[in-house]
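Trainee: File follows, protein_39.txt with compact mmCIF, C-alpha atoms:
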# COMPACT_ATOMS: atom_id res chain seq x y z
CA MET K 1 -2.15 25.67 52.28
CA ILE K 2 -0.25 24.48 49.19
CA ARG K 3 0.80 21.35 51.09
CA ILE K 4 -2.79 20.52 51.99
CA ILE K 5 -3.99 20.97 48.42
CA THR K 6 -1.12 18.88 47.07
CA THR K 7 -1.82 16.14 49.60
CA LEU K 8 -5.52 16.08 48.74
CA ILE K 9 -4.78 15.88 45.01
CA GLY K 10 -2.36 13.02 45.68
CA ILE K 11 -4.98 11.14 47.70
CA PHE K 12 -7.57 11.49 44.91
CA VAL K 13 -5.06 10.32 42.28
CA LEU K 14 -4.04 7.29 44.34
CA ALA K 15 -7.67 6.46 45.13
CA GLY K 16 -8.44 6.49 41.40
CA CYS K 17 -5.54 4.15 40.65
CA ALA K 18 -6.69 1.73 43.34
CA ASN K 19 -9.97 1.25 41.48
CA GLU K 20 -8.52 0.36 38.09
CA GLY K 21 -10.11 -2.81 36.79
CA MET K 22 -12.95 -2.69 39.35
CA PHE K 23 -16.51 -1.44 38.89
CA ILE K 24 -16.92 2.08 40.29
CA ALA K 25 -19.10 5.18 40.25
CA ASP K 26 -22.48 3.46 40.33
CA ASN K 27 -24.09 6.91 40.62
CA ILE K 28 -22.50 8.54 37.55
CA PRO K 29 -24.33 8.25 34.18
CA ASN K 30 -22.42 6.65 31.32
CA SER K 31 -22.77 6.29 27.55
CA CYS K 32 -24.56 2.91 27.91
CA ASP K 33 -27.78 4.46 29.28
CA SER K 34 -26.94 3.21 32.76
CA LYS K 35 -24.69 4.29 35.62
CA GLY K 36 -21.18 3.29 36.58
CA HIS K 37 -18.12 2.00 34.77
CA THR K 38 -14.93 0.00 34.94
CA PHE K 39 -11.73 1.47 33.53
CA VAL K 40 -8.40 0.01 32.52
CA PHE K 41 -5.25 1.92 31.57
CA ILE K 42 -3.47 0.88 28.39
CA GLU K 43 0.06 2.25 28.71
CA TYR K 44 2.40 2.03 25.75
CA GLY K 45 5.55 3.59 24.43
CA ASP K 46 9.15 2.93 23.50
CA GLY K 47 9.72 -0.69 24.55
CA TYR K 48 6.67 -1.18 26.78
CA LEU K 49 2.99 -2.09 26.68
CA SER K 50 0.95 -2.76 29.80
CA ALA K 51 -2.62 -3.20 31.00
CA LYS K 52 -4.21 -4.85 34.01
CA ALA K 53 -4.37 -8.61 33.41
CA VAL K 54 -7.88 -9.20 34.79
CA ILE K 55 -10.62 -6.61 35.10
CA LYS K 56 -14.11 -6.89 36.58
CA VAL K 57 -17.12 -5.51 34.67
CA LYS K 58 -20.86 -5.51 35.32
CA PRO K 59 -23.68 -6.31 32.88
CA GLY K 60 -25.21 -3.28 31.18
CA LYS K 61 -22.42 -0.99 32.37
CA GLU K 62 -19.58 0.82 30.60
CA LEU K 63 -15.99 -0.33 30.13
CA GLN K 64 -13.47 2.44 29.49
CA TYR K 65 -10.12 1.76 27.86
CA ILE K 66 -7.94 4.73 28.86
CA LEU K 67 -5.04 5.26 26.47
CA LYS K 68 -1.76 6.44 27.99
CA PRO K 69 0.82 6.81 25.22
CA GLY K 70 4.41 7.49 26.18
CA SER K 71 6.33 10.53 25.07
CA LYS K 72 7.55 10.47 21.51
CA SER K 73 10.90 8.96 20.70
CA ASP K 74 13.20 10.33 18.01
CA LEU K 75 11.29 8.41 15.33
CA VAL K 76 7.80 7.68 16.69
CA LYS K 77 4.88 9.69 18.03
CA PHE K 78 3.07 7.17 20.21
CA ARG K 79 -0.02 9.40 20.32
CA ASP K 80 -0.45 8.57 16.60
CA MET K 81 -0.33 4.76 17.03
CA ARG K 82 -3.59 2.85 16.43
CA VAL K 83 -4.87 0.84 19.41
CA THR K 84 -7.15 -2.07 18.49
CA ILE K 85 -9.01 -4.14 21.08
CA THR K 86 -10.83 -7.32 20.03
CA GLY K 87 -12.42 -10.30 21.77
CA LYS K 88 -10.58 -13.61 21.40
CA ASP K 89 -10.67 -17.30 22.29
CA SER K 90 -9.09 -18.65 25.48
CA PRO K 91 -5.35 -19.22 25.25
CA PRO K 92 -4.35 -22.82 24.37
CA GLY K 93 -4.17 -24.97 27.48
CA SER K 94 -6.19 -22.50 29.51
CA PRO K 95 -8.04 -23.97 32.50
CA PHE K 96 -11.02 -21.76 31.65
CA PRO K 97 -13.73 -22.81 29.22
CA LYS K 98 -13.90 -21.31 25.76
CA PRO K 99 -15.39 -17.80 25.99
CA PRO K 100 -18.89 -17.26 24.67
CA ASP K 101 -19.38 -16.13 21.09
CA ASP K 102 -20.81 -12.73 22.11
CA ASP K 103 -17.39 -11.16 22.72
CA ALA K 104 -17.79 -8.42 20.07
CA TRP K 105 -18.81 -5.98 22.83
CA LEU K 106 -15.13 -5.82 23.84
CA ASP K 107 -14.10 -4.42 20.44
CA ALA K 108 -12.76 -0.87 20.23
CA ASP K 109 -10.35 0.91 17.94
CA GLY K 110 -8.78 4.33 18.04
CA ILE K 111 -5.82 6.67 17.93
CA TYR K 112 -5.12 8.89 20.93
CA SER K 113 -4.38 11.99 18.83
CA VAL K 114 -7.56 11.53 16.74
CA ASP K 115 -10.16 9.82 18.96
CA GLY K 116 -9.11 11.08 22.39
CA ARG K 117 -7.95 9.46 25.58
CA VAL K 118 -10.88 7.13 26.31
CA LEU K 119 -12.40 4.38 24.16
CA THR K 120 -15.69 3.13 25.59
CA VAL K 121 -17.73 -0.03 25.10
CA CYS K 122 -20.93 -1.32 26.71
CA VAL K 123 -21.13 -4.67 28.47
CA PRO K 124 -24.30 -6.50 27.32
CA GLU K 125 -27.27 -6.53 29.71
CA GLU K 126 -27.29 -10.33 29.58
CA PRO K 127 -23.84 -11.63 28.58
CA LYS K 128 -23.66 -15.31 27.66
CA GLY K 129 -20.71 -15.99 29.94
CA ASP K 130 -18.61 -14.60 32.74
CA LYS K 131 -15.02 -14.77 31.43
CA TYR K 132 -13.98 -12.98 28.25
CA TYR K 133 -10.48 -12.83 26.79
CA TYR K 134 -9.48 -9.93 24.59
CA THR K 135 -6.46 -8.72 22.67
CA ILE K 136 -4.92 -5.27 22.90
CA ASP K 137 -2.84 -4.53 19.81
CA VAL K 138 -0.85 -1.29 19.63
CA GLU K 139 0.53 -0.48 16.19
CA ASN K 140 4.32 -0.90 16.05
CA VAL K 141 4.50 -1.61 19.79
CA GLY K 142 3.05 -5.03 20.60
CA GLN K 143 0.14 -7.11 21.80
CA LEU K 144 -1.38 -8.22 25.12
CA ASP K 145 -4.14 -10.69 25.97
CA PRO K 146 -5.92 -9.77 29.24
CA ARG K 147 -9.30 -10.97 30.54
CA ALA K 148 -12.58 -9.33 31.57
CA ASP K 149 -14.66 -11.12 34.19
CA VAL K 150 -18.35 -10.28 34.39
CA GLU K 151 -19.65 -9.88 37.95
CA PHE K 152 -23.34 -10.66 38.21
Go ahead and render the structure in this file as structure tokens.

Mentor:
Amino acid sequence: MIRIITTLIGIFVLAGCANEGMFIADNIPNSCDSKGHTFVFIEYGDGYLSAKAVIKVKPGKELQYILKPGSKSDLVKFRDMRVTITGKDSPPGSPFPKPPDDDAWLDADGIYSVDGRVLTVCVPEEPKGDKYYYTIDVENVGQLDPRADVEF
């Protein structure tokens, strides 16, 4: 019986990981007065910072940034580090056009130990474009620049 329960839990965990960066749960209400969401893990700690490079979001739906701080080192409690997410221009030399100027919907800011595990934002009902770059900045850890593609 324990084996069956453990196996089922493992399947659910792996199924959840397979959906990172993709729109899911179109039947579950969200904080944007609609249903469904996309989530992306932001993992950070002693010497590492990672997030999925390209995520897919849908207009009018929720985007969840899920914070996953590492265990504390001798000097730092990563749960107390500020995570700031902001929209940004395309990287120099990018083959993609400059992102639209309505990228403020990507902005979020929080500290795991204060604001909780999930920072949420709402994708506009009618975004001006379909490719948005953003910056993830984790205090005293580093910075990433992934992309959110809007699927119409």

Trainee: Which residue out of K:Glu139, K:Glu43, K:Glu125, K:Asp107 has the minimum interatomic distance to Ile66 of chain K when all atoms listed in the file are used?

Mentor: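 Distance minimum relative to Ile66 of chain K lands on K:Glu43.
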
Trainee: Using only C-alpha atoms, can you tell me which of K:Met22, K:Ile42, K:Met81, K:Leu63 comes closest to Thr120 of chain K?

Mentor: K:Leu63

Trainee: Give me, as a list in words, all polymer residues having an atom no more than 8 Å from Lys128 of chain K, counting all atoms listed in the file and skipping those fewer than 6 positions away in the same chain.

Mentor: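 Contacts, in chain order: Pro100, Asp101 and Asp102 of chain K.
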
Trainee: Can you tell me, as a PDB file with C-alpha atoms, in the frame of the given file, what residues are no more than 8 Å from Val141 of chain K when counting only C-alpha atoms, ignoring any on the same chain fewer than 2 positions away?

Mentor:
ATOM      1  CA  TYR K  44       2.400   2.030  25.750  1.00  0.00           C
ATOM      2  CA  GLY K  45       5.550   3.590  24.430  1.00  0.00           C
ATOM      3  CA  ASP K  46       9.150   2.930  23.500  1.00  0.00           C
ATOM      4  CA  GLY K  47       9.720  -0.690  24.550  1.00  0.00           C
ATOM      5  CA  TYR K  48       6.670  -1.180  26.780  1.00  0.00           C
ATOM      6  CA  LEU K  49       2.990  -2.090  26.680  1.00  0.00           C
ATOM      7  CA  ASP K 137      -2.840  -4.530  19.810  1.00  0.00           C
ATOM      8  CA  VAL K 138      -0.850  -1.290  19.630  1.00  0.00           C
ATOM      9  CA  GLU K 139       0.530  -0.480  16.190  1.00  0.00           C
ATOM     10  CA  GLN K 143       0.140  -7.110  21.800  1.00  0.00           C
TER      11      GLN K 143
END

Trainee: Take atom CA of Asp89 of chain K and atom CA of Gly116 of chain K and report the distance between them in Å, one decimal.

Mentor: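 Separating atom CA of Asp89 of chain K from atom CA of Gly116 of chain K is a distance of 28.4 Å.
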
Trainee: One decimal, in Å: what's the spacing between atom CA of Lys98 of chain K and atom CA of Gly36 of chain K?

Mentor: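 These atoms are spaced 27.8 Å apart.
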
Trainee: Hey, can you check how far atom CA of Asp33 of chain K sits from atom CA of Arg117 of chain K?

Mentor: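 Straight-line distance from atom CA of Asp33 of chain K to atom CA of Arg117 of chain K works out to 20.8 Å.
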
Trainee: In the coordinate frame of the file, compute which residues have an atom within 7 Å of (-20.0, -7.9, 24.4) when using only C-alpha atoms, and state them as a VMD selection string.

Mentor: chain K and resid 102 to 106 123 to 124 127

Trainee: Determine the axis-aligned bounding box of all atoms of segment 45-64 of chain K present in the file, pad each side by 8 Å, and express its centre and edge lengths in Å to one decimal place as lines of an AutoDock Vina configuration file.

Mentor:
center_x = -7.7
center_y = -2.8
center_z = 30.0
size_x = 50.9
size_y = 28.8
size_z = 29.1

Trainee: When distances are computed from all atoms listed in the file, which of K:Leu75, K:Ala25, K:Cys32, K:Ile55 shows the smallest separation from Ala148 of chain K?

Mentor: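 Among the listed residues, K:Ile55 lies closest to Ala148 of chain K.
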